[in-house]
$ cat target-v9.pdb   # PDB, C-alpha atoms
ATOM      1  CA  MET B 552      50.573 -31.913  76.826
ATOM      2  CA  SER B 553      48.374 -29.045  75.709
ATOM      3  CA  SER B 554      47.530 -28.774  72.045
ATOM      4  CA  GLN B 555      47.997 -25.432  70.372
ATOM      5  CA  ALA B 556      45.899 -24.465  67.359
ATOM      6  CA  VAL B 557      47.877 -23.892  64.198
ATOM      7  CA  LYS B 558      47.284 -20.405  62.886
ATOM      8  CA  PRO B 559      46.735 -20.081  59.129
ATOM      9  CA  PRO B 560      49.091 -17.807  57.217
ATOM     10  CA  ALA B 561      48.248 -14.124  57.171
ATOM     11  CA  GLY B 562      47.827 -14.125  53.394
ATOM     12  CA  LEU B 563      45.213 -16.886  53.582
ATOM     13  CA  LEU B 564      43.229 -14.937  56.200
ATOM     14  CA  SER B 565      43.314 -11.888  53.955
ATOM     15  CA  ARG B 566      42.043 -13.887  50.985
ATOM     16  CA  GLN B 567      39.264 -15.379  53.147
ATOM     17  CA  ARG B 568      38.135 -11.929  54.292
ATOM     18  CA  HIS B 569      38.414 -10.467  50.776
ATOM     19  CA  PRO B 570      37.903 -13.311  48.267
ATOM     20  CA  GLU B 571      39.130 -12.594  44.783
ATOM     21  CA  ARG B 572      36.390 -11.986  42.238
ATOM     22  CA  PRO B 573      36.460 -12.617  38.496
ATOM     23  CA  ILE B 574      37.655  -9.698  36.453
ATOM     24  CA  TRP B 575      34.188  -9.089  34.968
ATOM     25  CA  GLU B 576      32.770  -8.605  38.484
ATOM     26  CA  GLU B 577      35.308  -5.970  39.498
ATOM     27  CA  GLU B 578      34.302  -2.331  39.747
ATOM     28  CA  PRO B 579      35.250  -0.466  36.546
ATOM     29  CA  THR B 580      38.139   1.949  36.804
ATOM     30  CA  LEU B 581      37.890   5.650  36.063
ATOM     31  CA  VAL B 582      39.475   5.077  32.647
ATOM     32  CA  GLY B 583      36.933   2.359  31.911
ATOM     33  CA  ARG B 584      33.975   4.514  32.948
ATOM     34  CA  LEU B 585      35.172   7.428  30.812
ATOM     35  CA  GLY B 586      36.355   5.334  27.870
ATOM     36  CA  LYS B 587      33.187   3.269  27.449
ATOM     37  CA  PRO B 588      30.946   6.098  26.157
ATOM     38  CA  VAL B 589      33.769   7.364  23.943
ATOM     39  CA  VAL B 590      34.259   3.951  22.328
ATOM     40  CA  LEU B 591      30.507   3.476  21.891
ATOM     41  CA  ALA B 592      30.204   6.924  20.309
ATOM     42  CA  LEU B 593      33.031   6.137  17.874
ATOM     43  CA  VAL B 594      31.440   2.816  16.920
ATOM     44  CA  PHE B 595      28.107   4.560  16.393
ATOM     45  CA  LEU B 596      29.714   7.184  14.146
ATOM     46  CA  VAL B 597      31.532   4.556  12.096
ATOM     47  CA  ILE B 598      28.225   2.765  11.480
ATOM     48  CA  ALA B 599      25.893   5.749  11.161
ATOM     49  CA  PHE B 600      28.013   8.095   9.039
ATOM     50  CA  PRO B 601      27.995   5.955   5.850
ATOM     51  CA  LEU B 602      24.228   5.487   6.194
ATOM     52  CA  TYR B 603      23.822   9.225   6.660
ATOM     53  CA  VAL B 604      25.853   9.940   3.514
ATOM     54  CA  VAL B 605      23.821   7.409   1.503
ATOM     55  CA  VAL B 606      20.497   8.919   2.645
ATOM     56  CA  VAL B 607      21.599  12.522   2.044
ATOM     57  CA  THR B 608      22.948  11.671  -1.410
ATOM     58  CA  SER B 609      19.709   9.904  -2.348
ATOM     59  CA  LEU B 610      17.808  13.099  -1.457
ATOM     60  CA  SER B 611      20.158  15.462  -3.302
ATOM     61  CA  SER B 612      19.547  17.238  -6.573
ATOM     62  CA  THR B 613      21.780  17.160  -9.622
ATOM     63  CA  GLU B 614      23.331  20.511  -8.687
ATOM     64  CA  ALA B 615      24.172  19.329  -5.148
ATOM     65  CA  VAL B 616      25.781  16.099  -6.400
ATOM     66  CA  THR B 617      27.776  18.018  -9.021
ATOM     67  CA  ARG B 618      28.925  20.594  -6.463
ATOM     68  CA  ALA B 619      30.020  17.831  -4.045
ATOM     69  CA  GLY B 620      31.790  15.913  -6.801
ATOM     70  CA  GLY B 621      30.130  12.661  -5.758
ATOM     71  CA  LEU B 622      28.674  11.622  -2.430
ATOM     72  CA  VAL B 623      27.023  14.483  -0.552
ATOM     73  CA  VAL B 624      27.871  15.070   3.123
ATOM     74  CA  VAL B 625      26.276  18.474   3.749
ATOM     75  CA  PRO B 626      22.589  18.391   2.736
ATOM     76  CA  ARG B 627      21.556  21.058   0.219
ATOM     77  CA  GLU B 628      18.572  21.305  -2.106
ATOM     78  CA  LEU B 629      16.924  18.110  -0.855
ATOM     79  CA  THR B 630      14.416  16.464  -3.180
ATOM     80  CA  LEU B 631      12.436  13.221  -3.409
ATOM     81  CA  ALA B 632      12.961  12.939  -7.166
ATOM     82  CA  ALA B 633      15.014   9.731  -6.944
ATOM     83  CA  TYR B 634      12.387   7.923  -4.867
ATOM     84  CA  VAL B 635       9.551   9.188  -7.048
ATOM     85  CA  GLN B 636      11.330   7.880 -10.146
ATOM     86  CA  LEU B 637      12.061   4.501  -8.569
ATOM     87  CA  LEU B 638       8.580   3.952  -7.151
ATOM     88  CA  SER B 639       6.630   5.193 -10.159
ATOM     89  CA  GLY B 640       6.854   1.823 -11.891
ATOM     90  CA  GLY B 641       9.425  -0.265 -13.698
ATOM     91  CA  VAL B 642      12.106  -2.696 -12.614
ATOM     92  CA  VAL B 643      12.763  -1.354  -9.119
ATOM     93  CA  THR B 644       9.100  -1.218  -8.107
ATOM     94  CA  ARG B 645       8.496  -4.721  -9.441
ATOM     95  CA  ALA B 646      11.669  -6.035  -7.778
ATOM     96  CA  LEU B 647      10.616  -4.488  -4.466
ATOM     97  CA  VAL B 648       7.266  -6.291  -4.612
ATOM     98  CA  ILE B 649       8.955  -9.574  -5.573
ATOM     99  CA  SER B 650      11.478  -9.350  -2.737
ATOM    100  CA  THR B 651       8.747  -8.563  -0.210
ATOM    101  CA  ALA B 652       6.611 -11.514  -1.342
ATOM    102  CA  ILE B 653       9.555 -13.935  -1.361
ATOM    103  CA  THR B 654      10.636 -12.791   2.094
ATOM    104  CA  ILE B 655       7.177 -13.212   3.626
ATOM    105  CA  ILE B 656       6.360 -16.549   1.982
ATOM    106  CA  GLY B 657       9.873 -17.956   2.383
ATOM    107  CA  THR B 658      10.144 -16.976   6.044
ATOM    108  CA  ALA B 659       6.766 -18.520   6.877
ATOM    109  CA  PHE B 660       7.629 -21.754   5.038
ATOM    110  CA  SER B 661      11.119 -21.996   6.552
ATOM    111  CA  LEU B 662       9.800 -21.378  10.064
ATOM    112  CA  LEU B 663       7.154 -24.064   9.622
ATOM    113  CA  ILE B 664       9.525 -26.818   8.554
ATOM    114  CA  THR B 665      12.229 -25.726  11.010
ATOM    115  CA  VAL B 666       9.819 -25.855  13.953
ATOM    116  CA  LEU B 667       8.518 -29.289  12.927
ATOM    117  CA  ALA B 668      12.008 -30.696  12.338
ATOM    118  CA  ALA B 669      13.457 -29.170  15.521
ATOM    119  CA  TYR B 670      10.606 -30.515  17.660
ATOM    120  CA  GLY B 671      10.974 -33.988  16.166
ATOM    121  CA  LEU B 672      14.745 -34.024  16.738
ATOM    122  CA  SER B 673      14.325 -32.719  20.290
ATOM    123  CA  ARG B 674      12.278 -35.791  21.295
ATOM    124  CA  PRO B 675      14.722 -38.616  22.227
ATOM    125  CA  GLY B 676      12.247 -41.346  21.291
ATOM    126  CA  SER B 677      11.365 -40.030  17.834
ATOM    127  CA  LEU B 678      11.869 -42.186  14.750
ATOM    128  CA  TRP B 679      15.420 -42.156  13.325
ATOM    129  CA  HIS B 680      16.339 -39.437  15.781
ATOM    130  CA  ARG B 681      20.119 -39.928  15.817
ATOM    131  CA  PRO B 682      20.673 -40.664  12.086
ATOM    132  CA  LEU B 683      18.671 -37.588  11.064
ATOM    133  CA  LEU B 684      20.500 -35.408  13.571
ATOM    134  CA  PHE B 685      23.817 -36.723  12.230
ATOM    135  CA  VAL B 686      22.777 -35.790   8.677
ATOM    136  CA  VAL B 687      21.885 -32.270   9.824
ATOM    137  CA  LEU B 688      25.218 -31.836  11.609
ATOM    138  CA  LEU B 689      27.042 -33.184   8.564
ATOM    139  CA  THR B 690      25.866 -30.204   6.514
ATOM    140  CA  PHE B 691      28.053 -27.950   8.685
ATOM    141  CA  LEU B 692      31.108 -29.666   7.199
ATOM    142  CA  PHE B 693      30.096 -30.402   3.620
ATOM    143  CA  GLY B 694      28.168 -28.152   1.244
ATOM    144  CA  PRO B 695      26.477 -29.328  -1.945
ATOM    145  CA  GLY B 696      28.388 -26.985  -4.263
ATOM    146  CA  ILE B 697      27.080 -24.701  -6.984
ATOM    147  CA  ILE B 698      26.992 -27.166  -9.892
ATOM    148  CA  PRO B 699      25.199 -30.011  -8.038
ATOM    149  CA  SER B 700      22.704 -27.496  -6.653
ATOM    150  CA  TYR B 701      22.010 -26.095 -10.114
ATOM    151  CA  LEU B 702      21.610 -29.583 -11.612
ATOM    152  CA  LEU B 703      19.164 -30.529  -8.855
ATOM    153  CA  VAL B 704      17.096 -27.366  -9.291
ATOM    154  CA  ASN B 705      17.123 -27.856 -13.054
ATOM    155  CA  SER B 706      16.045 -31.508 -12.773
ATOM    156  CA  LEU B 707      13.112 -30.460 -10.586
ATOM    157  CA  GLY B 708      11.982 -27.957 -13.225
ATOM    158  CA  LEU B 709      12.416 -24.955 -10.934
ATOM    159  CA  ILE B 710      14.524 -22.812 -13.282
ATOM    160  CA  ASP B 711      12.910 -19.396 -13.830
ATOM    161  CA  SER B 712      10.439 -19.972 -10.996
ATOM    162  CA  TYR B 713      10.169 -18.199  -7.662
ATOM    163  CA  ALA B 714      10.299 -21.583  -5.903
ATOM    164  CA  SER B 715      13.999 -21.763  -6.821
ATOM    165  CA  LEU B 716      14.580 -18.798  -4.498
ATOM    166  CA  ILE B 717      12.906 -20.527  -1.539
ATOM    167  CA  LEU B 718      13.241 -24.314  -1.664
ATOM    168  CA  PRO B 719      17.074 -24.655  -1.976
ATOM    169  CA  THR B 720      17.574 -22.543   1.186
ATOM    170  CA  ALA B 721      14.324 -23.382   2.956
ATOM    171  CA  ILE B 722      15.999 -24.722   6.083
ATOM    172  CA  SER B 723      19.217 -23.709   7.836
ATOM    173  CA  ALA B 724      21.106 -26.282   9.883
ATOM    174  CA  PHE B 725      22.270 -23.591  12.310
ATOM    175  CA  ASN B 726      18.728 -22.330  12.931
ATOM    176  CA  LEU B 727      17.519 -25.911  13.304
ATOM    177  CA  ILE B 728      20.140 -26.744  15.927
ATOM    178  CA  VAL B 729      19.451 -23.547  17.878
ATOM    179  CA  MET B 730      15.705 -24.182  17.921
ATOM    180  CA  ARG B 731      16.203 -27.854  18.838
ATOM    181  CA  ALA B 732      18.418 -26.859  21.766
ATOM    182  CA  PHE B 733      15.755 -24.435  22.956
ATOM    183  CA  PHE B 734      13.025 -27.086  22.725
ATOM    184  CA  MET B 735      15.180 -29.507  24.715
ATOM    185  CA  GLY B 736      15.401 -26.918  27.494
ATOM    186  CA  ILE B 737      11.629 -26.940  28.031
ATOM    187  CA  PRO B 738      10.842 -28.941  31.215
ATOM    188  CA  ALA B 739       9.835 -32.504  30.363
ATOM    189  CA  GLU B 740       7.216 -32.417  33.136
ATOM    190  CA  LEU B 741       5.101 -29.965  31.127
ATOM    191  CA  ILE B 742       5.099 -32.221  28.080
ATOM    192  CA  ASP B 743       4.462 -35.359  30.148
ATOM    193  CA  SER B 744       1.530 -33.742  31.941
ATOM    194  CA  ALA B 745      -0.011 -32.749  28.603
ATOM    195  CA  ARG B 746       0.332 -36.293  27.334
ATOM    196  CA  ILE B 747      -1.286 -37.656  30.479
ATOM    197  CA  ASP B 748      -4.229 -35.372  29.736
ATOM    198  CA  GLY B 749      -4.535 -37.016  26.325
ATOM    199  CA  ALA B 750      -2.770 -34.409  24.148
ATOM    200  CA  GLY B 751      -1.089 -35.669  20.985
ATOM    201  CA  GLU B 752       2.243 -34.498  19.600
ATOM    202  CA  PHE B 753       0.676 -31.756  17.484
ATOM    203  CA  ALA B 754      -1.323 -30.456  20.461
ATOM    204  CA  VAL B 755       1.790 -30.508  22.646
ATOM    205  CA  LEU B 756       3.709 -28.549  20.002
ATOM    206  CA  THR B 757       1.040 -25.907  19.413
ATOM    207  CA  ARG B 758      -0.294 -25.503  22.970
ATOM    208  CA  ILE B 759       2.754 -26.128  25.172
ATOM    209  CA  VAL B 760       6.008 -25.770  23.235
ATOM    210  CA  MET B 761       5.239 -22.875  20.874
ATOM    211  CA  PRO B 762       3.852 -20.445  23.511
ATOM    212  CA  LEU B 763       7.078 -20.971  25.489
ATOM    213  CA  SER B 764       9.299 -20.506  22.438
ATOM    214  CA  LYS B 765       8.232 -17.107  21.123
ATOM    215  CA  ALA B 766      11.721 -15.677  21.635
ATOM    216  CA  VAL B 767      13.621 -18.298  19.635
ATOM    217  CA  VAL B 768      10.943 -18.353  16.924
ATOM    218  CA  ALA B 769      11.193 -14.565  16.575
ATOM    219  CA  VAL B 770      14.993 -14.650  16.326
ATOM    220  CA  VAL B 771      15.101 -17.541  13.858
ATOM    221  CA  GLY B 772      12.348 -15.867  11.851
ATOM    222  CA  LEU B 773      14.455 -12.702  11.655
ATOM    223  CA  PHE B 774      17.456 -14.732  10.490
ATOM    224  CA  TYR B 775      15.387 -16.297   7.724
ATOM    225  CA  ALA B 776      13.775 -12.992   6.733
ATOM    226  CA  VAL B 777      17.112 -11.171   6.473
ATOM    227  CA  GLY B 778      18.532 -14.086   4.495
ATOM    228  CA  TYR B 779      15.678 -14.061   1.979
ATOM    229  CA  TRP B 780      15.692 -10.276   1.712
ATOM    230  CA  ASN B 781      19.432 -10.023   1.078
ATOM    231  CA  ALA B 782      19.768 -13.084  -1.173
ATOM    232  CA  PHE B 783      20.765 -12.446  -4.775
ATOM    233  CA  PHE B 784      23.030 -15.371  -5.723
ATOM    234  CA  ASN B 785      20.233 -17.916  -6.195
ATOM    235  CA  ALA B 786      18.331 -15.413  -8.317
ATOM    236  CA  MET B 787      21.429 -14.868 -10.442
ATOM    237  CA  LEU B 788      21.799 -18.642 -10.940
ATOM    238  CA  TYR B 789      18.219 -19.753 -11.428
ATOM    239  CA  LEU B 790      16.349 -16.775 -12.930
ATOM    240  CA  ASN B 791      16.930 -16.111 -16.613
ATOM    241  CA  ASP B 792      13.911 -13.828 -16.911
ATOM    242  CA  ASN B 793      14.965 -10.374 -15.708
ATOM    243  CA  THR B 794      11.351  -9.434 -15.016
ATOM    244  CA  LYS B 795      11.471 -11.816 -12.040
ATOM    245  CA  TRP B 796      14.578 -10.331 -10.470
ATOM    246  CA  PRO B 797      14.390  -9.462  -6.735
ATOM    247  CA  LEU B 798      15.574  -6.115  -5.435
ATOM    248  CA  GLN B 799      19.028  -7.292  -4.368
ATOM    249  CA  LEU B 800      19.883  -8.563  -7.847
ATOM    250  CA  VAL B 801      18.765  -5.232  -9.320
ATOM    251  CA  LEU B 802      20.939  -3.502  -6.708
ATOM    252  CA  ARG B 803      23.942  -5.623  -7.660
ATOM    253  CA  THR B 804      23.432  -5.151 -11.399
ATOM    254  CA  TYR B 805      22.870  -1.399 -11.299
ATOM    255  CA  ILE B 806      25.338  -0.357  -8.593
ATOM    256  CA  VAL B 807      28.055  -2.976  -8.183
ATOM    257  CA  GLN B 808      28.413  -3.897 -11.853
ATOM    258  CA  ALA B 809      27.371  -0.423 -13.102
ATOM    259  CA  GLN B 810      25.195  -1.974 -15.812
ATOM    260  CA  VAL B 811      22.130  -0.393 -17.366
ATOM    261  CA  LEU B 812      18.955  -1.892 -15.979
ATOM    262  CA  PRO B 813      17.068  -4.165 -18.390
ATOM    263  CA  SER B 814      14.081  -3.119 -20.432
ATOM    264  CA  GLY B 815      11.122  -2.010 -18.388
ATOM    265  CA  ALA B 816      13.143   0.137 -16.016
ATOM    266  CA  GLY B 817      10.828   3.046 -16.541
ATOM    267  CA  GLY B 818      11.027   3.791 -12.848
ATOM    268  CA  VAL B 819      14.648   4.802 -13.358
ATOM    269  CA  THR B 820      14.648   6.638 -16.646
ATOM    270  CA  ALA B 821      11.189   8.144 -16.743
ATOM    271  CA  THR B 822      10.633  11.809 -15.946
ATOM    272  CA  PRO B 823       9.377  12.024 -12.348
ATOM    273  CA  ALA B 824       5.898  13.189 -11.525
ATOM    274  CA  LEU B 825       4.918  15.989  -9.156
ATOM    275  CA  GLY B 826       6.885  18.513 -11.235
ATOM    276  CA  LEU B 827      10.258  17.352  -9.885
ATOM    277  CA  ALA B 828      13.433  17.593 -11.925
ATOM    278  CA  PRO B 829      15.040  14.272 -12.933
ATOM    279  CA  ALA B 830      17.324  12.890 -10.229
ATOM    280  CA  PRO B 831      21.025  12.260 -10.905
ATOM    281  CA  SER B 832      22.221   8.713 -11.469
ATOM    282  CA  LEU B 833      24.159   8.655  -8.178
ATOM    283  CA  ALA B 834      21.084   9.706  -6.206
ATOM    284  CA  ILE B 835      19.065   6.917  -7.808
ATOM    285  CA  LYS B 836      21.752   4.373  -6.894
ATOM    286  CA  MET B 837      21.792   5.546  -3.293
ATOM    287  CA  ALA B 838      17.991   5.492  -3.194
ATOM    288  CA  ILE B 839      18.038   1.824  -4.237
ATOM    289  CA  VAL B 840      20.450   1.135  -1.369
ATOM    290  CA  VAL B 841      18.120   2.898   1.079
ATOM    291  CA  LEU B 842      15.121   0.907  -0.156
ATOM    292  CA  ALA B 843      17.120  -2.307   0.331
ATOM    293  CA  VAL B 844      18.201  -1.413   3.873
ATOM    294  CA  ILE B 845      15.078   0.186   5.372
ATOM    295  CA  PRO B 846      12.955  -2.995   5.864
ATOM    296  CA  VAL B 847      15.633  -4.667   7.998
ATOM    297  CA  LEU B 848      16.154  -1.494  10.036
ATOM    298  CA  LEU B 849      12.415  -1.280  10.705
ATOM    299  CA  VAL B 850      12.008  -4.913  11.757
ATOM    300  CA  TYR B 851      15.164  -5.357  13.832
ATOM    301  CA  PRO B 852      14.202  -3.137  16.837
ATOM    302  CA  PHE B 853      11.102  -5.246  17.478
ATOM    303  CA  ILE B 854      13.120  -8.504  17.499
ATOM    304  CA  GLN B 855      16.315  -7.299  19.203
ATOM    305  CA  LYS B 856      14.975  -7.848  22.733
ATOM    306  CA  HIS B 857      14.583 -11.569  22.013
ATOM    307  CA  PHE B 858      18.172 -12.149  20.870
ATOM    308  CA  THR B 859      19.705 -12.958  24.248
ATOM    309  CA  LYS B 860      16.949 -15.316  25.321
ATOM    310  CA  GLY B 861      16.374 -16.852  21.926
ATOM    311  CA  VAL B 862      19.931 -17.543  20.786
ATOM    312  CA  ILE B 863      22.312 -17.495  23.763
ATOM    313  CA  ILE B 864      20.162 -19.645  26.066
ATOM    314  CA  GLY B 865      19.435 -22.101  23.305
ATOM    315  CA  ALA B 866      23.094 -22.323  22.330
ATOM    316  CA  VAL B 867      24.289 -22.831  25.934
ATOM    317  CA  LYS B 868      21.748 -25.534  26.669
ATOM    318  CA  GLY B 869      22.594 -27.329  23.428
TER     319      GLY B 869
END
$ encode --input "target-v9.pdb" --output "structure tokens"
Amino acid sequence: MSSQAVKPPAGLLSRQRHPERPIWEEEPTLVGRLGKPVVLALVFLVIAFPLYVVVVTSLSSTEAVTRAGGLVVVPRELTLAAYVQLLSGGVVTRALVISTAITIIGTAFSLLITVLAAYGLSRPGSLWHRPLLFVVLLTFLFGPGIIPSYLLVNSLGLIDSYASLILPTAISAFNLIVMRAFFMGIPAELIDSARIDGAGEFAVLTRIVMPLSKAVVAVVGLFYAVGYWNAFFNAMLYLNDNTKWPLQLVLRTYIVQAQVLPSGAGGVTATPALGLAPAPSLAIKMAIVVLAVIPVLLVYPFIQKHFTKGVIIGAVKG
């Protein structure tokens, strides 16, 4: 009796010759190719147009603001009077210096303790590894609350000090977990070979781990820097002396609450130098917004290339 091979169904042969691919691997359709630039252009306009209006208004004269009835869209009679008034001394200039110093010092301090904590938690044999990691993860679910935080800061004698703007938010659990996950992805053979050569933990961290972790350090550093630069709530809680206010608290007081800036705001009310006419109040408000936004816009392009490698890889491997 001769055996006859069983032929597979025609549909199965077709699927074997042309295997189905995931939808994200398919060739884009004509509608997709044409719609993508249109959608991206619309998103860009939605983001860029408000910034454009803010910048143009900050550079407008009193006549241009009056003619526009508010925010200026079409630039006319551009002037730097608002920026000259703000940067000629007073509250805004002082707040700008304070915010810059807090951002630099706070970011450096937060990166230091985050790197040390993340490296310690990434080593399975480290002391109290699991209990400490559990405490860190617990902070995702439970926050300390405003009143306990204020009582703690007050008991430490940090009220009206710049340390109150740094120490309560010195470390972020999210940034710590991301950096720990990245450190755990570093091949153990590299660390073991360094230890065989006699390197201690500090030498392993500085000579092996850190050179391989520039991407995640840059991204986490940007997160910390943006957080310190944009923070105003801690300053509102812990700083009673208005001469120590950072830029964001001045921005909130002058624009959001429409209050008159405290004494010493000569940079806002003084007659500008260089023979310029005094800027309108709306232009000064928009100029404060520009000064608050520009530093982040200048730093972000240099860090953006590290986002995929620094955050996504670390998060996946965690």
$ residues_around --input "target-v9.pdb" --residues "B:Leu667" --least-positions-apart "2" --cutoff "12 Å" --atoms "all atoms listed in the file" --output "compact mmCIF listing (two decimals) with C-alpha atoms, in the coordinates of the input"
# COMPACT_ATOMS: atom_id res chain seq x y z
CA PHE B 660 7.63 -21.75 5.04
CA SER B 661 11.12 -22.00 6.55
CA LEU B 662 9.80 -21.38 10.06
CA LEU B 663 7.15 -24.06 9.62
CA ILE B 664 9.52 -26.82 8.55
CA THR B 665 12.23 -25.73 11.01
CA ALA B 669 13.46 -29.17 15.52
CA TYR B 670 10.61 -30.52 17.66
CA GLY B 671 10.97 -33.99 16.17
CA LEU B 672 14.74 -34.02 16.74
CA SER B 673 14.32 -32.72 20.29
CA ARG B 674 12.28 -35.79 21.30
CA ILE B 722 16.00 -24.72 6.08
CA LEU B 727 17.52 -25.91 13.30
CA MET B 730 15.70 -24.18 17.92
CA ARG B 731 16.20 -27.85 18.84
CA PHE B 734 13.02 -27.09 22.72
CA GLU B 752 2.24 -34.50 19.60
CA PHE B 753 0.68 -31.76 17.48
CA VAL B 755 1.79 -30.51 22.65
CA LEU B 756 3.71 -28.55 20.00
CA THR B 757 1.04 -25.91 19.41
CA VAL B 760 6.01 -25.77 23.24
CA MET B 761 5.24 -22.88 20.87
CA VAL B 768 10.94 -18.35 16.92
$ residues_around --input "target-v9.pdb" --residues "B:Ala646" --least-positions-apart "3" --cutoff "6 Å" --atoms "all atoms listed in the file" --output "CSV table (one decimal) with C-alpha atoms, in the frame of the given file"
chain,number,residue,atom,x,y,z
B,642,VAL,CA,12.1,-2.7,-12.6
B,643,VAL,CA,12.8,-1.4,-9.1
B,649,ILE,CA,9.0,-9.6,-5.6
B,796,TRP,CA,14.6,-10.3,-10.5
B,797,PRO,CA,14.4,-9.5,-6.7
B,798,LEU,CA,15.6,-6.1,-5.4
$ resolve_selection --input "target-v9.pdb" --expression "the PyMOL selection byres ((chain B and resi 700) around 12)" --output "VMD selection string"
chain B and resid 694 to 699 701 to 707 709 to 710 715 718 to 720 785 788 to 789
$ atom_distance --input "target-v9.pdb" --atom1 "atom CA of B:Phe784" --atom2 "atom CA of B:Pro846"
19.7 Å
$ closest_residue --input "target-v9.pdb" --among "B:Ala739, B:Tyr805, B:Val729, B:Val590" --to "B:Ile835" --atoms "all atoms listed in the file"
B:Tyr805
$ resolve_selection --input "target-v9.pdb" --expression "the PyMOL selection byres ((chain B and resi 655) around 12)" --output "PyMOL selection string"
chain B and resi 648-654+656-662+717+772-773+775-780+846
$ atom_distance --input "target-v9.pdb" --atom1 "atom CA of B:Tyr634" --atom2 "atom CA of B:Leu802"
14.4 Å
$ atom_distance --input "target-v9.pdb" --atom1 "atom CA of B:Leu591" --atom2 "atom CA of B:Gln855"
18.0 Å
$ closest_atom_pairs --input "target-v9.pdb" --of "stretch 630-660 of chain B" --to "stretch 606-614 of chain B" --cutoff "9 Å" --atoms "all atoms listed in the file" --output "JSON lines"
{"residue": "B:Thr630", "atom": "CA", "partner": "B:Leu610", "partner_atom": "CA", "distance": 5.1}
{"residue": "B:Leu631", "atom": "CA", "partner": "B:Leu610", "partner_atom": "CA", "distance": 5.7}
{"residue": "B:Ala632", "atom": "CA", "partner": "B:Leu610", "partner_atom": "CA", "distance": 7.5}
{"residue": "B:Ala633", "atom": "CA", "partner": "B:Ser609", "partner_atom": "CA", "distance": 6.6}
{"residue": "B:Tyr634", "atom": "CA", "partner": "B:Ser609", "partner_atom": "CA", "distance": 8.0}
$ closest_residue --input "target-v9.pdb" --among "B:Ala834, B:Val624, B:Val589, B:Ala732" --to "B:Ile806" --atoms "all atoms listed in the file"
B:Ala834
$ resolve_selection --input "target-v9.pdb" --expression "the PyMOL selection byres ((chain B and resi 682-686) around 10)" --output "number ranges by chain"
B: 668-669, 671-673, 678-681, 687-691, 724, 727-728
$ axis_aligned_box --input "target-v9.pdb" --around "stretch 676-684 of chain B" --padding-each-side "5 Å" --output "lines of an AutoDock Vina configuration file"
center_x = 16.0
center_y = -38.8
center_z = 16.2
size_x = 19.3
size_y = 16.8
size_z = 20.2
$ closest_residue --input "target-v9.pdb" --among "B:Val582, B:Ala750, B:Leu593, B:Leu647" --to "B:Gln799" --atoms "all atoms listed in the file"
B:Leu647
$ decode --input "target-v9.pdb" --residues "stretch 579-609 of chain B" --atoms "C-alpha atoms" --output "PDB file, in the first residue's frame"
ATOM      1  CA  PRO B 579       2.367  53.009   5.529  1.00  0.00           C
ATOM      2  CA  THR B 580      -0.578  53.775   3.296  1.00  0.00           C
ATOM      3  CA  LEU B 581      -0.844  56.846   1.105  1.00  0.00           C
ATOM      4  CA  VAL B 582      -3.144  58.480   3.664  1.00  0.00           C
ATOM      5  CA  GLY B 583      -0.622  57.763   6.405  1.00  0.00           C
ATOM      6  CA  ARG B 584       2.294  59.185   4.421  1.00  0.00           C
ATOM      7  CA  LEU B 585       0.367  62.362   3.600  1.00  0.00           C
ATOM      8  CA  GLY B 586      -1.296  62.733   6.996  1.00  0.00           C
ATOM      9  CA  LYS B 587       1.849  62.383   9.109  1.00  0.00           C
ATOM     10  CA  PRO B 588       3.454  65.722   8.125  1.00  0.00           C
ATOM     11  CA  VAL B 589       0.082  67.461   8.404  1.00  0.00           C
ATOM     12  CA  VAL B 590      -0.476  66.178  11.945  1.00  0.00           C
ATOM     13  CA  LEU B 591       3.089  67.047  12.960  1.00  0.00           C
ATOM     14  CA  ALA B 592       2.696  70.549  11.524  1.00  0.00           C
ATOM     15  CA  LEU B 593      -0.551  71.059  13.457  1.00  0.00           C
ATOM     16  CA  VAL B 594       1.053  69.865  16.693  1.00  0.00           C
ATOM     17  CA  PHE B 595       3.994  72.194  16.099  1.00  0.00           C
ATOM     18  CA  LEU B 596       1.669  75.157  15.524  1.00  0.00           C
ATOM     19  CA  VAL B 597      -0.347  74.395  18.650  1.00  0.00           C
ATOM     20  CA  ILE B 598       2.862  74.398  20.706  1.00  0.00           C
ATOM     21  CA  ALA B 599       4.775  77.181  18.964  1.00  0.00           C
ATOM     22  CA  PHE B 600       2.008  79.749  18.459  1.00  0.00           C
ATOM     23  CA  PRO B 601       1.451  80.545  22.174  1.00  0.00           C
ATOM     24  CA  LEU B 602       5.217  80.876  22.660  1.00  0.00           C
ATOM     25  CA  TYR B 603       5.389  83.164  19.646  1.00  0.00           C
ATOM     26  CA  VAL B 604       2.608  85.371  21.033  1.00  0.00           C
ATOM     27  CA  VAL B 605       4.315  85.553  24.444  1.00  0.00           C
ATOM     28  CA  VAL B 606       7.668  86.553  22.900  1.00  0.00           C
ATOM     29  CA  VAL B 607       6.139  89.142  20.550  1.00  0.00           C
ATOM     30  CA  THR B 608       4.082  90.670  23.363  1.00  0.00           C
ATOM     31  CA  SER B 609       7.145  90.899  25.611  1.00  0.00           C
TER      32      SER B 609
END
